[in-house]
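Asks: First, the structure itself, so that you have it in front of you.
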Amino acid sequence: MHSPGRARWIAHLDMDAFYASVELLRYPELRGRPVVIGGRRAHQPEELPDGSRRFARLRDYAGRGVVTTATYPARAYGVHSGMGLMKAAQLAPDAVLLPADFDAYRRMSRQFKAAVAEVAPVIEDRGIDEIYIDLSDLPGVQDPVGHDPLGGLRAVAQEIRNNVRAATGLTCSIGVTPNKLLSKIASDLDKPDGLTLLTLDDLPARIWPLPVRRINGIGPKAGAKLEALGIRSIGELAQREPAWLIERFGRSYGQWLYEASHGIDERPVVTHSEPVSISRETTFERDLHAVRDRAQLSAIFTRLAQQVADDLQRKGYLSRTIGIKLRFEDFRTVTRDLTVDQPTADAVQIRRAAGLCLKRVDFTRRLRLLGIRAGSLSRADAPASTATRRPARGKAATAAPGNPLPTQPELPLFDTPA
DNA sequence: TCTGGGGTCCTAGGACCC
DNA sequence: TCTGGGGTCCTAGGACCC
């Protein structure tokens with residue numbers, strides 16, 4: 001933990017094109033070529049008799065997959081993560097397409113994080129390919145080197161990069177600043193294989209010219225709204241009075257926008273956290289109808305419940321709130337959930353609760369996605385805590401007491417096992 | 001030829017309790 | 001009997017992130 005009275009220095013480390021780079025270690029002959037990772041049913045490379053490999057091309061893909069990652073040569077064609085593969089194929093038809101191998105990425109993720117921990121152990125996990133690191137209390141960080149007041153700090157950041165490279169063969173980009181918000185922006189300023197160290201004095205020159213969307217927490221909606229208000233850069237945002245922003249974005253978000261634009265962020269590096277929910281979902285190859293495709297949906301529903309139950313058991317959690325997620329052909333998304341009396345990790349119980357949720361949905365439109373979620377988690381090994389739970393009233397499955405949930409007229413749905 | 005799968009956090013209204 | 005304020009639980013939706 002950071003001790004008070006000394007300068008706080010936080011690093012954000014982001015692996016460069018992580019999934020794609022892991023694949024390039026495996027298939028070095030693809031280095032320098034446009035490569036896209038994505039799609040569930042993308043073809044595995046074919047081993048030819050002469051020992052070489054034949055790779056699937058983006059142009060041969062058909063389906064609903066999206067780009068998970070693209071190499072920098074592929075990005076040069078305008079391909080980026082989240083883009084539909086069919087659209088990416090128009091931009092770069094000759095790019096190589098590889099299926100995602102998440103087990104391999106998770107293994108490499110553990111390796112790079114262990115390499116960082118050898119140098120700097122105070123780490124916050126932010127997913128498979130990025131972390132925050134609190135450098136404040138490491139030896140040498142607060143010391144100048146030669147004429148450079150931040151020389152010790154820079155040396156530690158460089159040592160982290162070297163260690164990651166040595167352990168994995170992969171490059172990363174690091175931003176080092178007084179807080180998480182600025183470090184996240186900074187790690188992106190010299191990508192790939194970059195190291196960017198900023199102080200608050202650098203804010204006007206290095207941060208303010210950037211578009212507001214570079215702030216972690218300003219997404220498509222807030223970005224568009226700011227644009228409509230004539231605010232494109234972080235500097236333009238910083239010129240606005242807090243009251244002006246609060247009027248237009250609400251008390252909480254408006255205040256946060258003001259602080260973010262001024263580089264203010266006191267959030268600590270959090271080294272441990274418990275999961276809030278565990279879920280599984282799937283998008284179908286074609287849209288399915290609740291009645292006409294009942295058998296198929298029922299089988300998928302059962303499988304999702306089983307997967308969620310397996311995940312809960314493997315990780316050692318029980319859930320008290322079971323929910324479903326549906327996406328219709330028009331891309332509208334609805335969720336329903338239900339708090340059950342007994343916390344569970346049992347596939348049959350989960351499926352039953354999720355089935356009750358289904359009855360509260362209108363199935364006029366066809367479905368493109370189905371998901372099951374388990375929330376209100378507790379540790380399976382913890383003593384059952386009934387203390388915080390009010391006694392259930394009325395029927396076994398009520399929502400708020402006395403608040404019967406609306407249900408649709410009975411339809412032969414897929415809420416019973418196939 | 002549109003738009004994956006896994007998450008977190010916030011807001012908001014109604015019920016209920018004190 | 002009416003009014004009412006604070007706090008918590010439950011549910012639904014949405015923004016955002018990796």
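Letters for chains follow the order of the structure tokens (A, B, ...), residue numbers begin at 1 for each chain, and ligand numbers begin at 1 in the order shown.
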Just asking: which residues within range 53-105 of chain A are alpha helix (DSSP H) according to DSSP, as a list in words?
Replies: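 In range 53-105 of chain A, DSSP puts these residues in alpha helix (DSSP H): Tyr72, Pro73, Ala74, Arg75, Leu85, Met86, Lys87, Ala88, Ala89, Gln90, Leu91, Phe102, Asp103, Ala104 and Tyr105 of chain A.
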Asks: Would you write out those residues with N, CA and C atoms, as a short mmCIF file (atom, residue, chain, number, x, y, z; two decimals), in the first residue's frame?
Replies:
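As a result, out39.cif now contains:
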data_model
loop_
_atom_site.label_atom_id
_atom_site.label_comp_id
_atom_site.auth_asym_id
_atom_site.auth_seq_id
_atom_site.Cartn_x
_atom_site.Cartn_y
_atom_site.Cartn_z
N TYR A 72 -1.25 -5.35 -35.86
CA TYR A 72 -1.13 -3.97 -36.33
C TYR A 72 -1.23 -3.87 -37.86
N PRO A 73 -0.63 -4.80 -38.62
CA PRO A 73 -0.85 -4.74 -40.07
C PRO A 73 -2.32 -4.84 -40.47
N ALA A 74 -3.11 -5.65 -39.72
CA ALA A 74 -4.55 -5.73 -40.02
C ALA A 74 -5.25 -4.44 -39.64
N ARG A 75 -4.82 -3.83 -38.55
CA ARG A 75 -5.44 -2.57 -38.13
C ARG A 75 -5.21 -1.48 -39.17
N LEU A 85 -17.00 -9.69 -38.30
CA LEU A 85 -16.00 -10.31 -39.16
C LEU A 85 -16.35 -10.15 -40.64
N MET A 86 -17.67 -10.13 -40.93
CA MET A 86 -18.08 -9.97 -42.33
C MET A 86 -17.67 -8.60 -42.85
N LYS A 87 -17.76 -7.61 -41.99
CA LYS A 87 -17.35 -6.27 -42.39
C LYS A 87 -15.82 -6.19 -42.50
N ALA A 88 -15.13 -6.83 -41.54
CA ALA A 88 -13.67 -6.86 -41.57
C ALA A 88 -13.18 -7.53 -42.86
N ALA A 89 -13.93 -8.55 -43.32
CA ALA A 89 -13.54 -9.28 -44.53
C ALA A 89 -13.59 -8.38 -45.76
N GLN A 90 -14.48 -7.40 -45.73
CA GLN A 90 -14.53 -6.44 -46.84
C GLN A 90 -13.29 -5.57 -46.87
N LEU A 91 -12.81 -5.21 -45.67
CA LEU A 91 -11.66 -4.31 -45.58
C LEU A 91 -10.35 -5.04 -45.86
N PHE A 102 -8.64 -19.17 -25.75
CA PHE A 102 -8.58 -18.44 -24.49
C PHE A 102 -7.75 -19.14 -23.43
N ASP A 103 -7.68 -20.48 -23.50
CA ASP A 103 -6.83 -21.18 -22.52
C ASP A 103 -5.37 -20.74 -22.68
N ALA A 104 -4.93 -20.64 -23.92
CA ALA A 104 -3.55 -20.21 -24.16
C ALA A 104 -3.33 -18.78 -23.68
N TYR A 105 -4.33 -17.90 -23.91
CA TYR A 105 -4.17 -16.50 -23.50
C TYR A 105 -4.14 -16.38 -21.98
#
Asks: Any chance you could list, as a list in words, the residues in range 128-192 of chain A that come up strand (DSSP E) when DSSP is run on the backbone?
Replies: Glu130, Ile131, Tyr132, Ile133, Asp134, Cys172, Ser173, Ile174, Gly175, Val176 and Thr177 of chain A
Asks: Tell me, as a ChimeraX atom specification, which residues lie within 10 Å of range 2-13 of chain B, counting only C-alpha atoms (C1' of nucleotides); anything in the same chain fewer than 4 positions away does not count.
Replies: /A:38-40,64-68,82-87,127,252-253,275-283,331,371 /C:11-18
Asks: Please save N, CA and C atoms (P, O5', C5', C4', C3', O3' and C1' of nucleotides) of the selected residues as a tab-separated table (two decimals), in the first residue's frame.
Replies:
chain	number	residue	atom	x	y	z
A	38	GLY	N	-10.81	-14.20	-34.02
A	38	GLY	CA	-12.23	-14.04	-33.75
A	38	GLY	C	-13.05	-15.16	-34.34
A	39	GLY	N	-14.34	-15.13	-34.06
A	39	GLY	CA	-15.24	-16.12	-34.61
A	39	GLY	C	-15.18	-17.43	-33.85
A	40	ARG	N	-16.34	-18.02	-33.59
A	40	ARG	CA	-16.34	-19.25	-32.82
A	40	ARG	C	-15.95	-20.44	-33.67
A	64	ARG	N	-21.73	-14.79	-37.52
A	64	ARG	CA	-22.03	-13.62	-36.71
A	64	ARG	C	-20.89	-13.20	-35.80
A	65	GLY	N	-19.70	-13.75	-36.06
A	65	GLY	CA	-18.58	-13.46	-35.17
A	65	GLY	C	-18.10	-12.02	-35.30
A	66	VAL	N	-17.36	-11.57	-34.29
A	66	VAL	CA	-16.72	-10.26	-34.33
A	66	VAL	C	-15.22	-10.42	-34.15
A	67	VAL	N	-14.50	-9.35	-34.48
A	67	VAL	CA	-13.05	-9.33	-34.31
A	67	VAL	C	-12.74	-9.22	-32.81
A	68	THR	N	-11.95	-10.17	-32.30
A	68	THR	CA	-11.52	-10.08	-30.91
A	68	THR	C	-10.25	-9.22	-30.82
A	82	GLY	N	-14.19	-5.75	-32.02
A	82	GLY	CA	-15.60	-5.43	-31.92
A	82	GLY	C	-16.29	-5.36	-33.27
A	83	MET	N	-15.51	-5.19	-34.32
A	83	MET	CA	-16.08	-5.10	-35.67
A	83	MET	C	-16.58	-6.48	-36.13
A	84	GLY	N	-17.70	-6.54	-36.81
A	84	GLY	CA	-18.19	-7.80	-37.36
A	84	GLY	C	-17.18	-8.38	-38.33
A	85	LEU	N	-17.00	-9.69	-38.30
A	85	LEU	CA	-16.00	-10.31	-39.16
A	85	LEU	C	-16.35	-10.15	-40.64
A	86	MET	N	-17.67	-10.13	-40.93
A	86	MET	CA	-18.08	-9.97	-42.33
A	86	MET	C	-17.67	-8.60	-42.85
A	87	LYS	N	-17.76	-7.61	-41.99
A	87	LYS	CA	-17.35	-6.27	-42.39
A	87	LYS	C	-15.82	-6.19	-42.50
A	127	GLY	N	-8.38	-7.64	-16.05
A	127	GLY	CA	-8.70	-8.50	-17.18
A	127	GLY	C	-7.47	-9.26	-17.64
A	252	SER	N	-23.58	13.07	-10.12
A	252	SER	CA	-22.44	12.16	-9.97
A	252	SER	C	-21.53	12.19	-11.21
A	253	TYR	N	-22.13	11.94	-12.38
A	253	TYR	CA	-21.33	11.85	-13.60
A	253	TYR	C	-20.76	13.22	-13.99
A	275	PRO	N	-15.95	-11.79	-7.03
A	275	PRO	CA	-16.86	-11.63	-8.16
A	275	PRO	C	-18.27	-11.27	-7.70
A	276	VAL	N	-18.97	-10.50	-8.53
A	276	VAL	CA	-20.34	-10.07	-8.24
A	276	VAL	C	-21.33	-11.00	-8.94
A	277	SER	N	-20.96	-11.50	-10.11
A	277	SER	CA	-21.86	-12.38	-10.86
A	277	SER	C	-21.05	-13.30	-11.76
A	278	ILE	N	-21.68	-14.40	-12.13
A	278	ILE	CA	-21.09	-15.36	-13.06
A	278	ILE	C	-22.16	-15.67	-14.10
A	279	SER	N	-21.83	-15.58	-15.38
A	279	SER	CA	-22.87	-15.77	-16.39
A	279	SER	C	-22.33	-16.50	-17.62
A	280	ARG	N	-23.27	-17.06	-18.37
A	280	ARG	CA	-22.98	-17.68	-19.66
A	280	ARG	C	-24.04	-17.23	-20.65
A	281	GLU	N	-23.65	-16.94	-21.87
A	281	GLU	CA	-24.62	-16.56	-22.88
A	281	GLU	C	-24.13	-17.04	-24.24
A	282	THR	N	-25.08	-17.14	-25.16
A	282	THR	CA	-24.70	-17.58	-26.51
A	282	THR	C	-25.58	-16.90	-27.55
A	283	THR	N	-24.93	-16.50	-28.65
A	283	THR	CA	-25.65	-15.97	-29.80
A	283	THR	C	-25.80	-17.09	-30.83
A	331	PHE	N	-32.34	-6.70	-31.92
A	331	PHE	CA	-31.23	-6.35	-31.06
A	331	PHE	C	-31.66	-5.74	-29.72
A	371	GLY	N	-29.04	-16.03	-22.45
A	371	GLY	CA	-28.01	-16.12	-21.41
A	371	GLY	C	-28.62	-16.38	-20.05
C	11	DT	P	-36.38	-10.36	-7.26
C	11	DT	O5'	-36.53	-9.34	-8.46
C	11	DT	C5'	-37.81	-8.77	-8.73
C	11	DT	C4'	-37.66	-7.63	-9.70
C	11	DT	C3'	-36.97	-7.99	-11.02
C	11	DT	O3'	-37.92	-7.87	-12.07
C	11	DT	C1'	-36.21	-5.90	-10.15
C	12	DA	P	-37.50	-8.19	-13.56
C	12	DA	O5'	-37.02	-6.77	-14.09
C	12	DA	C5'	-37.97	-5.73	-14.29
C	12	DA	C4'	-37.31	-4.64	-15.09
C	12	DA	C3'	-36.53	-5.15	-16.31
C	12	DA	O3'	-37.00	-4.46	-17.45
C	12	DA	C1'	-35.15	-3.76	-14.94
C	13	DG	P	-36.32	-4.71	-18.88
C	13	DG	O5'	-35.33	-3.49	-19.00
C	13	DG	C5'	-35.80	-2.19	-18.67
C	13	DG	C4'	-34.64	-1.22	-18.72
C	13	DG	C3'	-33.71	-1.43	-19.92
C	13	DG	O3'	-33.59	-0.18	-20.59
C	13	DG	C1'	-32.47	-1.31	-17.91
C	14	DG	P	-32.88	-0.10	-22.03
C	14	DG	O5'	-31.57	0.74	-21.71
C	14	DG	C5'	-31.63	1.76	-20.73
C	14	DG	C4'	-30.23	2.16	-20.37
C	14	DG	C3'	-29.22	1.99	-21.51
C	14	DG	O3'	-28.42	3.15	-21.58
C	14	DG	C1'	-28.44	0.92	-19.58
C	15	DA	P	-27.60	3.47	-22.92
C	15	DA	O5'	-26.21	3.93	-22.32
C	15	DA	C5'	-26.17	4.77	-21.17
C	15	DA	C4'	-24.81	4.63	-20.54
C	15	DA	C3'	-23.68	4.50	-21.55
C	15	DA	O3'	-22.67	5.44	-21.27
C	15	DA	C1'	-23.61	2.70	-19.96
C	16	DC	P	-21.46	5.66	-22.27
C	16	DC	O5'	-20.38	4.63	-21.72
C	16	DC	C5'	-20.00	4.70	-20.35
C	16	DC	C4'	-19.19	3.48	-20.01
C	16	DC	C3'	-18.15	3.10	-21.06
C	16	DC	O3'	-16.87	3.50	-20.62
C	16	DC	C1'	-19.26	1.19	-20.08
C	17	DC	P	-15.61	3.25	-21.56
C	17	DC	O5'	-15.08	1.84	-21.03
C	17	DC	C5'	-14.86	1.66	-19.64
C	17	DC	C4'	-14.31	0.27	-19.40
C	17	DC	C3'	-13.35	-0.17	-20.50
C	17	DC	O3'	-12.10	-0.56	-19.97
C	17	DC	C1'	-15.03	-1.82	-20.15
C	18	DC	P	-10.90	-0.87	-21.00
C	18	DC	O5'	-10.84	-2.44	-20.98
C	18	DC	C5'	-10.63	-3.13	-19.75
C	18	DC	C4'	-10.59	-4.61	-20.04
C	18	DC	C3'	-9.64	-4.99	-21.18
C	18	DC	O3'	-8.93	-6.16	-20.81
C	18	DC	C1'	-11.83	-5.74	-21.68
Asks: Just how far from CA of His147 in chain A is CA of Val122 in chain A, in Å to one decimal?
Replies: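 These two atoms are separated by 28.1 Å.
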Asks: Using only C-alpha atoms (C1' of nucleotides) for the distances, tell me which of A:Ala92, A:Ile128, A:Ile246, A:Cys357 is nearest to chain C.
Replies: A:Ile128
Asks: What does the distance from CA of Thr71 in chain A to CA of Arg41 in chain A come to in Å, to one decimal?
Replies: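 For CA of Thr71 in chain A relative to CA of Arg41 in chain A, the distance reads 19.7 Å.
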Asks: Residues near Val119 in chain A, anyone? I mean within 12 Å using only C-alpha atoms (C1' of nucleotides), not counting same-chain ones fewer than 4 positions away, as a PyMOL selection string.
Replies: chain A and resi 112-115+123+133-135+137-141+155-164
Asks: Rounded to one decimal in Å, what is the spacing between CA of Pro268 in chain A and CA of Ala120 in chain A?
Replies: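 Computed distance, CA of Pro268 in chain A to CA of Ala120 in chain A, equals 15.5 Å.
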Asks: Excluding same-chain residues fewer than 6 positions from Glu46 in chain A, what lies within 8 Å of it counting only C-alpha atoms (C1' of nucleotides), as a short mmCIF file (atom, residue, chain, number, x, y, z; two decimals) with C-alpha atoms, in the first residue's frame?
Replies:
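And here is the file that came out, selection_27.cif:
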data_model
loop_
_atom_site.label_atom_id
_atom_site.label_comp_id
_atom_site.auth_asym_id
_atom_site.auth_seq_id
_atom_site.Cartn_x
_atom_site.Cartn_y
_atom_site.Cartn_z
CA ARG A 53 0.58 -24.61 -42.53
CA ARG A 54 -2.41 -23.36 -44.46
CA PHE A 55 -4.45 -20.67 -42.73
#
